[in-house]
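Participant: Just final-v3.pdb, nothing more (PDB, C-alpha atoms and all ligand atoms):
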```
ATOM      1  CA  MET A   1       8.687  22.703   2.166
ATOM      2  CA  PHE A   2       8.326  18.923   1.661
ATOM      3  CA  GLU A   3      11.072  18.227   4.204
ATOM      4  CA  THR A   4       9.509  14.929   5.364
ATOM      5  CA  THR A   5       9.709  13.389   1.901
ATOM      6  CA  ALA A   6      13.177  14.844   1.354
ATOM      7  CA  GLU A   7      14.267  13.275   4.644
ATOM      8  CA  LYS A   8      13.067   9.844   3.453
ATOM      9  CA  MET A   9      14.927  10.345   0.168
ATOM     10  CA  ALA A  10      18.031  11.351   2.130
ATOM     11  CA  GLN A  11      17.828   8.121   4.104
ATOM     12  CA  VAL A  12      17.807   6.153   0.831
ATOM     13  CA  GLY A  13      20.726   8.300  -0.326
ATOM     14  CA  VAL A  14      21.104   6.993  -3.878
ATOM     15  CA  ILE A  15      17.914   6.951  -5.949
ATOM     16  CA  PRO A  16      17.851   4.980  -9.201
ATOM     17  CA  VAL A  17      16.340   6.689 -12.236
ATOM     18  CA  ILE A  18      14.294   4.173 -14.241
ATOM     19  CA  THR A  19      13.203   4.541 -17.851
ATOM     20  CA  VAL A  20      10.104   2.457 -18.597
ATOM     21  CA  LYS A  21      10.138   0.045 -21.544
ATOM     22  CA  ASP A  22       7.032  -1.798 -20.418
ATOM     23  CA  VAL A  23       5.227  -2.729 -17.207
ATOM     24  CA  ASP A  24       6.788  -6.189 -16.752
ATOM     25  CA  SER A  25      10.424  -5.228 -17.228
ATOM     26  CA  THR A  26       9.930  -2.281 -14.847
ATOM     27  CA  LEU A  27       8.486  -4.637 -12.226
ATOM     28  CA  GLU A  28      11.647  -6.727 -12.629
ATOM     29  CA  THR A  29      13.792  -3.624 -12.187
ATOM     30  CA  ALA A  30      11.830  -2.667  -9.065
ATOM     31  CA  ALA A  31      12.370  -6.180  -7.698
ATOM     32  CA  LYS A  32      16.099  -5.696  -8.303
ATOM     33  CA  ALA A  33      15.960  -2.468  -6.270
ATOM     34  CA  ILE A  34      14.354  -4.315  -3.361
ATOM     35  CA  GLU A  35      16.962  -7.120  -3.579
ATOM     36  CA  LYS A  36      19.731  -4.528  -3.383
ATOM     37  CA  GLY A  37      18.103  -2.903  -0.363
ATOM     38  CA  ILE A  38      17.283   0.311  -2.233
ATOM     39  CA  GLY A  39      14.248   1.994  -0.676
ATOM     40  CA  ALA A  40      13.177   4.434  -3.395
ATOM     41  CA  VAL A  41      13.109   4.727  -7.180
ATOM     42  CA  GLU A  42      12.278   7.452  -9.681
ATOM     43  CA  ILE A  43      10.206   6.241 -12.623
ATOM     44  CA  THR A  44      10.474   8.678 -15.504
ATOM     45  CA  PHE A  45       7.803   9.946 -17.871
ATOM     46  CA  ARG A  46       9.902   9.583 -21.022
ATOM     47  CA  THR A  47       8.158   8.554 -24.213
ATOM     48  CA  ASN A  48       7.881   9.317 -27.897
ATOM     49  CA  ASP A  49       4.398   7.839 -27.955
ATOM     50  CA  GLY A  50       2.453  10.814 -26.616
ATOM     51  CA  ASN A  51      -0.524  10.167 -24.368
ATOM     52  CA  PRO A  52      -0.650   6.364 -24.806
ATOM     53  CA  GLY A  53       3.003   6.300 -23.704
ATOM     54  CA  TYR A  54       2.300   8.506 -20.688
ATOM     55  CA  ARG A  55      -0.682   6.338 -19.732
ATOM     56  CA  MET A  56       1.473   3.207 -19.917
ATOM     57  CA  ILE A  57       4.050   4.837 -17.634
ATOM     58  CA  ALA A  58       1.346   5.890 -15.154
ATOM     59  CA  GLU A  59       0.014   2.324 -15.194
ATOM     60  CA  THR A  60       3.557   1.098 -14.533
ATOM     61  CA  ILE A  61       3.889   3.375 -11.499
ATOM     62  CA  LYS A  62       0.565   2.033 -10.202
ATOM     63  CA  LYS A  63       1.664  -1.590 -10.661
ATOM     64  CA  VAL A  64       5.017  -1.001  -8.964
ATOM     65  CA  ARG A  65       3.216   0.590  -5.991
ATOM     66  CA  GLU A  66       0.787  -2.344  -5.787
ATOM     67  CA  ASN A  67       3.477  -5.022  -6.060
ATOM     68  CA  PHE A  68       6.062  -3.352  -3.808
ATOM     69  CA  PRO A  69       4.214  -1.322  -1.187
ATOM     70  CA  GLY A  70       7.420  -0.849   0.818
ATOM     71  CA  LEU A  71       9.244   0.818  -2.058
ATOM     72  CA  MET A  72       9.003   4.597  -2.278
ATOM     73  CA  VAL A  73       8.132   5.547  -5.857
ATOM     74  CA  GLY A  74       8.629   8.983  -7.334
ATOM     75  CA  ALA A  75       7.796  10.173 -10.827
ATOM     76  CA  GLY A  76      10.578  11.769 -12.865
ATOM     77  CA  THR A  77      10.718  13.892 -16.028
ATOM     78  CA  VAL A  78       7.390  15.429 -15.020
ATOM     79  CA  ILE A  79       7.421  18.315 -17.476
ATOM     80  CA  ASN A  80       3.924  19.705 -16.896
ATOM     81  CA  ALA A  81       1.066  19.810 -14.403
ATOM     82  CA  GLU A  82      -0.987  17.202 -16.320
ATOM     83  CA  LEU A  83       1.788  14.644 -15.866
ATOM     84  CA  ALA A  84       2.078  15.593 -12.190
ATOM     85  CA  GLU A  85      -1.625  14.853 -11.776
ATOM     86  CA  MET A  86      -1.292  11.531 -13.653
ATOM     87  CA  ALA A  87       1.655  10.595 -11.451
ATOM     88  CA  LYS A  88      -0.196  11.475  -8.242
ATOM     89  CA  ASP A  89      -3.276   9.514  -9.337
ATOM     90  CA  ALA A  90      -1.030   6.514 -10.083
ATOM     91  CA  GLY A  91       0.340   6.624  -6.525
ATOM     92  CA  ALA A  92       3.664   8.396  -7.006
ATOM     93  CA  GLU A  93       4.906   9.860  -3.738
ATOM     94  CA  PHE A  94       7.041  12.640  -5.159
ATOM     95  CA  ILE A  95       7.615  14.544  -8.382
ATOM     96  CA  VAL A  96      10.954  15.342  -9.987
ATOM     97  CA  SER A  97      11.480  17.403 -13.133
ATOM     98  CA  PRO A  98      14.515  18.286 -15.228
ATOM     99  CA  GLY A  99      13.701  22.005 -15.064
ATOM    100  CA  LEU A 100      11.493  24.363 -13.086
ATOM    101  CA  ASN A 101       8.085  24.759 -14.713
ATOM    102  CA  PRO A 102       6.071  27.218 -12.564
ATOM    103  CA  SER A 103       2.741  25.607 -13.480
ATOM    104  CA  THR A 104       3.990  22.158 -12.403
ATOM    105  CA  VAL A 105       5.374  23.545  -9.145
ATOM    106  CA  GLU A 106       2.160  25.483  -8.425
ATOM    107  CA  TRP A 107      -0.017  22.433  -9.126
ATOM    108  CA  CYS A 108       2.138  20.305  -6.804
ATOM    109  CA  ILE A 109       2.061  22.866  -3.991
ATOM    110  CA  ASP A 110      -1.721  23.326  -4.359
ATOM    111  CA  ASN A 111      -2.173  19.536  -4.259
ATOM    112  CA  LYS A 112       0.331  18.903  -1.444
ATOM    113  CA  MET A 113       2.442  16.778  -3.759
ATOM    114  CA  PRO A 114       6.145  16.903  -2.845
ATOM    115  CA  VAL A 115       8.019  18.364  -5.821
ATOM    116  CA  PHE A 116      11.741  18.622  -6.474
ATOM    117  CA  PRO A 117      12.186  20.675  -9.651
ATOM    118  CA  GLY A 118      15.481  20.830 -11.486
ATOM    119  CA  VAL A 119      17.619  23.947 -11.366
ATOM    120  CA  ALA A 120      20.758  24.841 -13.270
ATOM    121  CA  THR A 121      21.370  28.504 -12.356
ATOM    122  CA  PRO A 122      21.214  30.865  -9.348
ATOM    123  CA  SER A 123      18.178  32.567 -10.922
ATOM    124  CA  GLU A 124      16.297  29.269 -10.924
ATOM    125  CA  VAL A 125      17.287  28.664  -7.304
ATOM    126  CA  GLU A 126      15.837  32.098  -6.464
ATOM    127  CA  LEU A 127      12.637  31.237  -8.312
ATOM    128  CA  ALA A 128      12.380  27.960  -6.377
ATOM    129  CA  LEU A 129      12.960  29.845  -3.117
ATOM    130  CA  SER A 130      10.114  32.204  -3.999
ATOM    131  CA  TYR A 131       7.836  29.128  -3.872
ATOM    132  CA  GLY A 132       9.256  28.134  -0.496
ATOM    133  CA  LEU A 133      11.109  25.137  -1.927
ATOM    134  CA  THR A 134      14.343  24.215  -0.179
ATOM    135  CA  HIS A 135      15.147  20.820  -1.764
ATOM    136  CA  LEU A 136      15.904  20.878  -5.489
ATOM    137  CA  LYS A 137      17.200  18.639  -8.218
ATOM    138  CA  PHE A 138      20.467  19.870  -9.760
ATOM    139  CA  PHE A 139      20.483  18.759 -13.382
ATOM    140  CA  PRO A 140      22.488  17.912 -15.462
ATOM    141  CA  ALA A 141      24.985  17.895 -12.612
ATOM    142  CA  GLU A 142      28.257  16.934 -14.303
ATOM    143  CA  ALA A 143      27.666  19.091 -17.380
ATOM    144  CA  LEU A 144      26.918  22.109 -15.145
ATOM    145  CA  GLY A 145      30.195  21.926 -13.275
ATOM    146  CA  GLY A 146      29.297  19.222 -10.791
ATOM    147  CA  ILE A 147      30.860  19.442  -7.359
ATOM    148  CA  LYS A 148      32.539  22.795  -8.066
ATOM    149  CA  MET A 149      29.186  24.384  -8.978
ATOM    150  CA  LEU A 150      27.424  22.891  -5.939
ATOM    151  CA  LYS A 151      30.136  24.267  -3.648
ATOM    152  CA  ALA A 152      29.752  27.679  -5.300
ATOM    153  CA  LEU A 153      25.960  27.594  -4.811
ATOM    154  CA  SER A 154      26.345  26.760  -1.109
ATOM    155  CA  GLY A 155      27.621  30.319  -0.431
ATOM    156  CA  PRO A 156      24.579  32.376  -1.423
ATOM    157  CA  PHE A 157      22.069  29.576  -0.759
ATOM    158  CA  PRO A 158      22.951  27.907   2.572
ATOM    159  CA  GLN A 159      19.272  26.961   3.062
ATOM    160  CA  ILE A 160      19.086  24.896  -0.151
ATOM    161  CA  LYS A 161      19.851  21.203  -0.489
ATOM    162  CA  PHE A 162      20.312  19.548  -3.863
ATOM    163  CA  MET A 163      19.741  16.185  -5.479
ATOM    164  CA  PRO A 164      22.351  16.085  -8.248
ATOM    165  CA  THR A 165      21.567  13.868 -11.228
ATOM    166  CA  GLY A 166      22.936  13.649 -14.732
ATOM    167  CA  GLY A 167      26.364  12.128 -15.126
ATOM    168  CA  ILE A 168      26.531  10.705 -11.596
ATOM    169  CA  ASN A 169      28.140   7.277 -11.555
ATOM    170  CA  GLU A 170      29.836   4.604  -9.486
ATOM    171  CA  GLU A 171      33.092   6.596  -9.485
ATOM    172  CA  ASN A 172      31.829  10.032  -8.451
ATOM    173  CA  TYR A 173      28.671   9.531  -6.382
ATOM    174  CA  VAL A 174      30.457   9.295  -3.024
ATOM    175  CA  ALA A 175      32.131  12.675  -3.552
ATOM    176  CA  TYR A 176      28.724  14.224  -4.323
ATOM    177  CA  ARG A 177      27.137  12.652  -1.265
ATOM    178  CA  GLU A 178      29.840  14.088   0.976
ATOM    179  CA  LEU A 179      28.799  17.663   0.100
ATOM    180  CA  LYS A 180      26.873  19.392   2.884
ATOM    181  CA  ASN A 181      24.312  20.811   0.458
ATOM    182  CA  VAL A 182      23.475  17.436  -1.147
ATOM    183  CA  PHE A 183      20.568  15.487   0.376
ATOM    184  CA  CYS A 184      20.645  12.544  -2.041
ATOM    185  CA  VAL A 185      21.907  11.694  -5.519
ATOM    186  CA  GLY A 186      20.103  10.104  -8.443
ATOM    187  CA  GLY A 187      21.011   8.357 -11.633
ATOM    188  CA  SER A 188      20.339   5.683 -14.163
ATOM    189  CA  TRP A 189      23.607   3.848 -13.457
ATOM    190  CA  VAL A 190      22.305   2.361 -10.187
ATOM    191  CA  LEU A 191      20.063  -0.298 -11.711
ATOM    192  CA  ASN A 192      21.598  -0.575 -15.182
TER     193      ASN A 192
HETATM  194  C1  LIG B 201      17.713  12.254 -14.814
HETATM  195  O1  LIG B 201      16.648  12.465 -15.349
HETATM  196  O2  LIG B 201      17.876  12.435 -13.607
HETATM  197  C2  LIG B 201      18.874  11.865 -15.630
HETATM  198  O3  LIG B 201      18.537  11.566 -16.927
HETATM  199  C3  LIG B 201      19.704  10.809 -15.043
HETATM  200  O4  LIG B 201      20.935  11.035 -15.594
HETATM  201  P1  LIG B 201      21.965   9.833 -15.844
HETATM  202  O5  LIG B 201      21.340   8.938 -16.875
HETATM  203  O6  LIG B 201      23.220  10.501 -16.316
HETATM  204  O7  LIG B 201      22.140   9.133 -14.532
END
```
With the file now loaded, output its structure as structure tokens.
Ligand code: 3PG

Facilitator:
Amino acid sequence: MFETTAEKMAQVGVIPVITVKDVDSTLETAAKAIEKGIGAVEITFRTNDGNPGYRMIAETIKKVRENFPGLMVGAGTVINAELAEMAKDAGAEFIVSPGLNPSTVEWCIDNKMPVFPGVATPSEVELALSYGLTHLKFFPAEALGGIKMLKALSGPFPQIKFMPTGGINEENYVAYRELKNVFCVGGSWVLN
């Protein structure tokens, strides 16, 4: 499911994870992505400010979409269905989450919103498969065993492709990308 979006993400290959401070600085970061020829970004819903913070992040996603229509924008750290809805309304084209929240996944499937939930164990991969998902985030990649773990998961789950994030950097991202069961990698190092 959601192969078309996953294919576009695979073409980008390395997707920057952006934490929002405010609208303007995020627009500058998005401009930097365009300058570097990066075709997609993940803007994360990370805030200590509750709903006003989430609203500001949704507004940021909307502004980035308006200012850079050619840039694919996904929403990250989408930890519940309400945030998925906010992200979709703001114009996000895909949803990423650190873990697999069934209510988020169900909302996304019901609303035809491409979703790439995070998994860390074979049981979570099985749960994702039960929803028909074949492209998953693998988070936090390095802490979970990184390349060794992804190679181990390729045995029982040949139909699954992963987007590792968490501890990916300039030194190790090429080795991750070379794995057959990796469709793209993500991380905050790209635009920092
Ligand atoms: C994520 O949400 O994907 C991670 O926080 C990114 O991890 P990194 O900061 O180690 O790249």

Participant: Please report, as AutoDock Vina command-line options, the centre and edge lengths in Å to one decimal of an axis-aligned box covering all listed atoms of ligand LIG 201 (chain B) with 4 Å per side.

Facilitator:
```
--center_x 19.9 --center_y 10.7 --center_z -15.3 --size_x 14.6 --size_y 11.5 --size_z 11.3
```

Participant: List the neighbours of Leu133 (chain A) out to 8 Å using all atoms listed in the file; skip same-chain residues closer than 6 positions along the sequence, and give me the result as number ranges by chain.

Facilitator: A: 1-2, 116

Participant: Written as a PyMOL selection string, which residues does the PyMOL selection byres (((chain A and resi 25-29) around 8) and not hetatm) give for the file shown?

Facilitator: chain A and resi 18+20-24+30-33+60+63-64+67+191

Participant: Return as a ChimeraX atom specification the set of residues that the PyMOL selection byres (((chain A and resi 78) around 9) and not hetatm) yields on the displayed structure.

Facilitator: /A:44-46,75-77,79-84,87,95-98,104,117

Participant: Just the selected residues (C-alpha atoms), exported as a PDB file, in the frame of the given file, please.

Facilitator:
```pdb
ATOM      1  CA  THR A  44      10.474   8.678 -15.504  1.00  0.00           C
ATOM      2  CA  PHE A  45       7.803   9.946 -17.871  1.00  0.00           C
ATOM      3  CA  ARG A  46       9.902   9.583 -21.022  1.00  0.00           C
ATOM      4  CA  ALA A  75       7.796  10.173 -10.827  1.00  0.00           C
ATOM      5  CA  GLY A  76      10.578  11.769 -12.865  1.00  0.00           C
ATOM      6  CA  THR A  77      10.718  13.892 -16.028  1.00  0.00           C
ATOM      7  CA  ILE A  79       7.421  18.315 -17.476  1.00  0.00           C
ATOM      8  CA  ASN A  80       3.924  19.705 -16.896  1.00  0.00           C
ATOM      9  CA  ALA A  81       1.066  19.810 -14.403  1.00  0.00           C
ATOM     10  CA  GLU A  82      -0.987  17.202 -16.320  1.00  0.00           C
ATOM     11  CA  LEU A  83       1.788  14.644 -15.866  1.00  0.00           C
ATOM     12  CA  ALA A  84       2.078  15.593 -12.190  1.00  0.00           C
ATOM     13  CA  ALA A  87       1.655  10.595 -11.451  1.00  0.00           C
ATOM     14  CA  ILE A  95       7.615  14.544  -8.382  1.00  0.00           C
ATOM     15  CA  VAL A  96      10.954  15.342  -9.987  1.00  0.00           C
ATOM     16  CA  SER A  97      11.480  17.403 -13.133  1.00  0.00           C
ATOM     17  CA  PRO A  98      14.515  18.286 -15.228  1.00  0.00           C
ATOM     18  CA  THR A 104       3.990  22.158 -12.403  1.00  0.00           C
ATOM     19  CA  PRO A 117      12.186  20.675  -9.651  1.00  0.00           C
TER      20      PRO A 117
END
```

Participant: Collect all residues with atoms no farther than 12 Å from ligand LIG 201 (chain B), counting all atoms listed in the file, and output them as a VMD selection string.

Facilitator: chain A and resid 14 to 19 41 to 46 74 to 79 95 to 99 116 to 119 136 to 143 146 163 to 170 172 to 173 184 to 192

Participant: From the options A:Ile57, A:Leu144, A:Met72, A:Leu127, which residue's atoms come nearest to Asn101 (chain A), counting all atoms listed in the file?

Facilitator: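 The closest residue to Asn101 (chain A) is A:Leu127.
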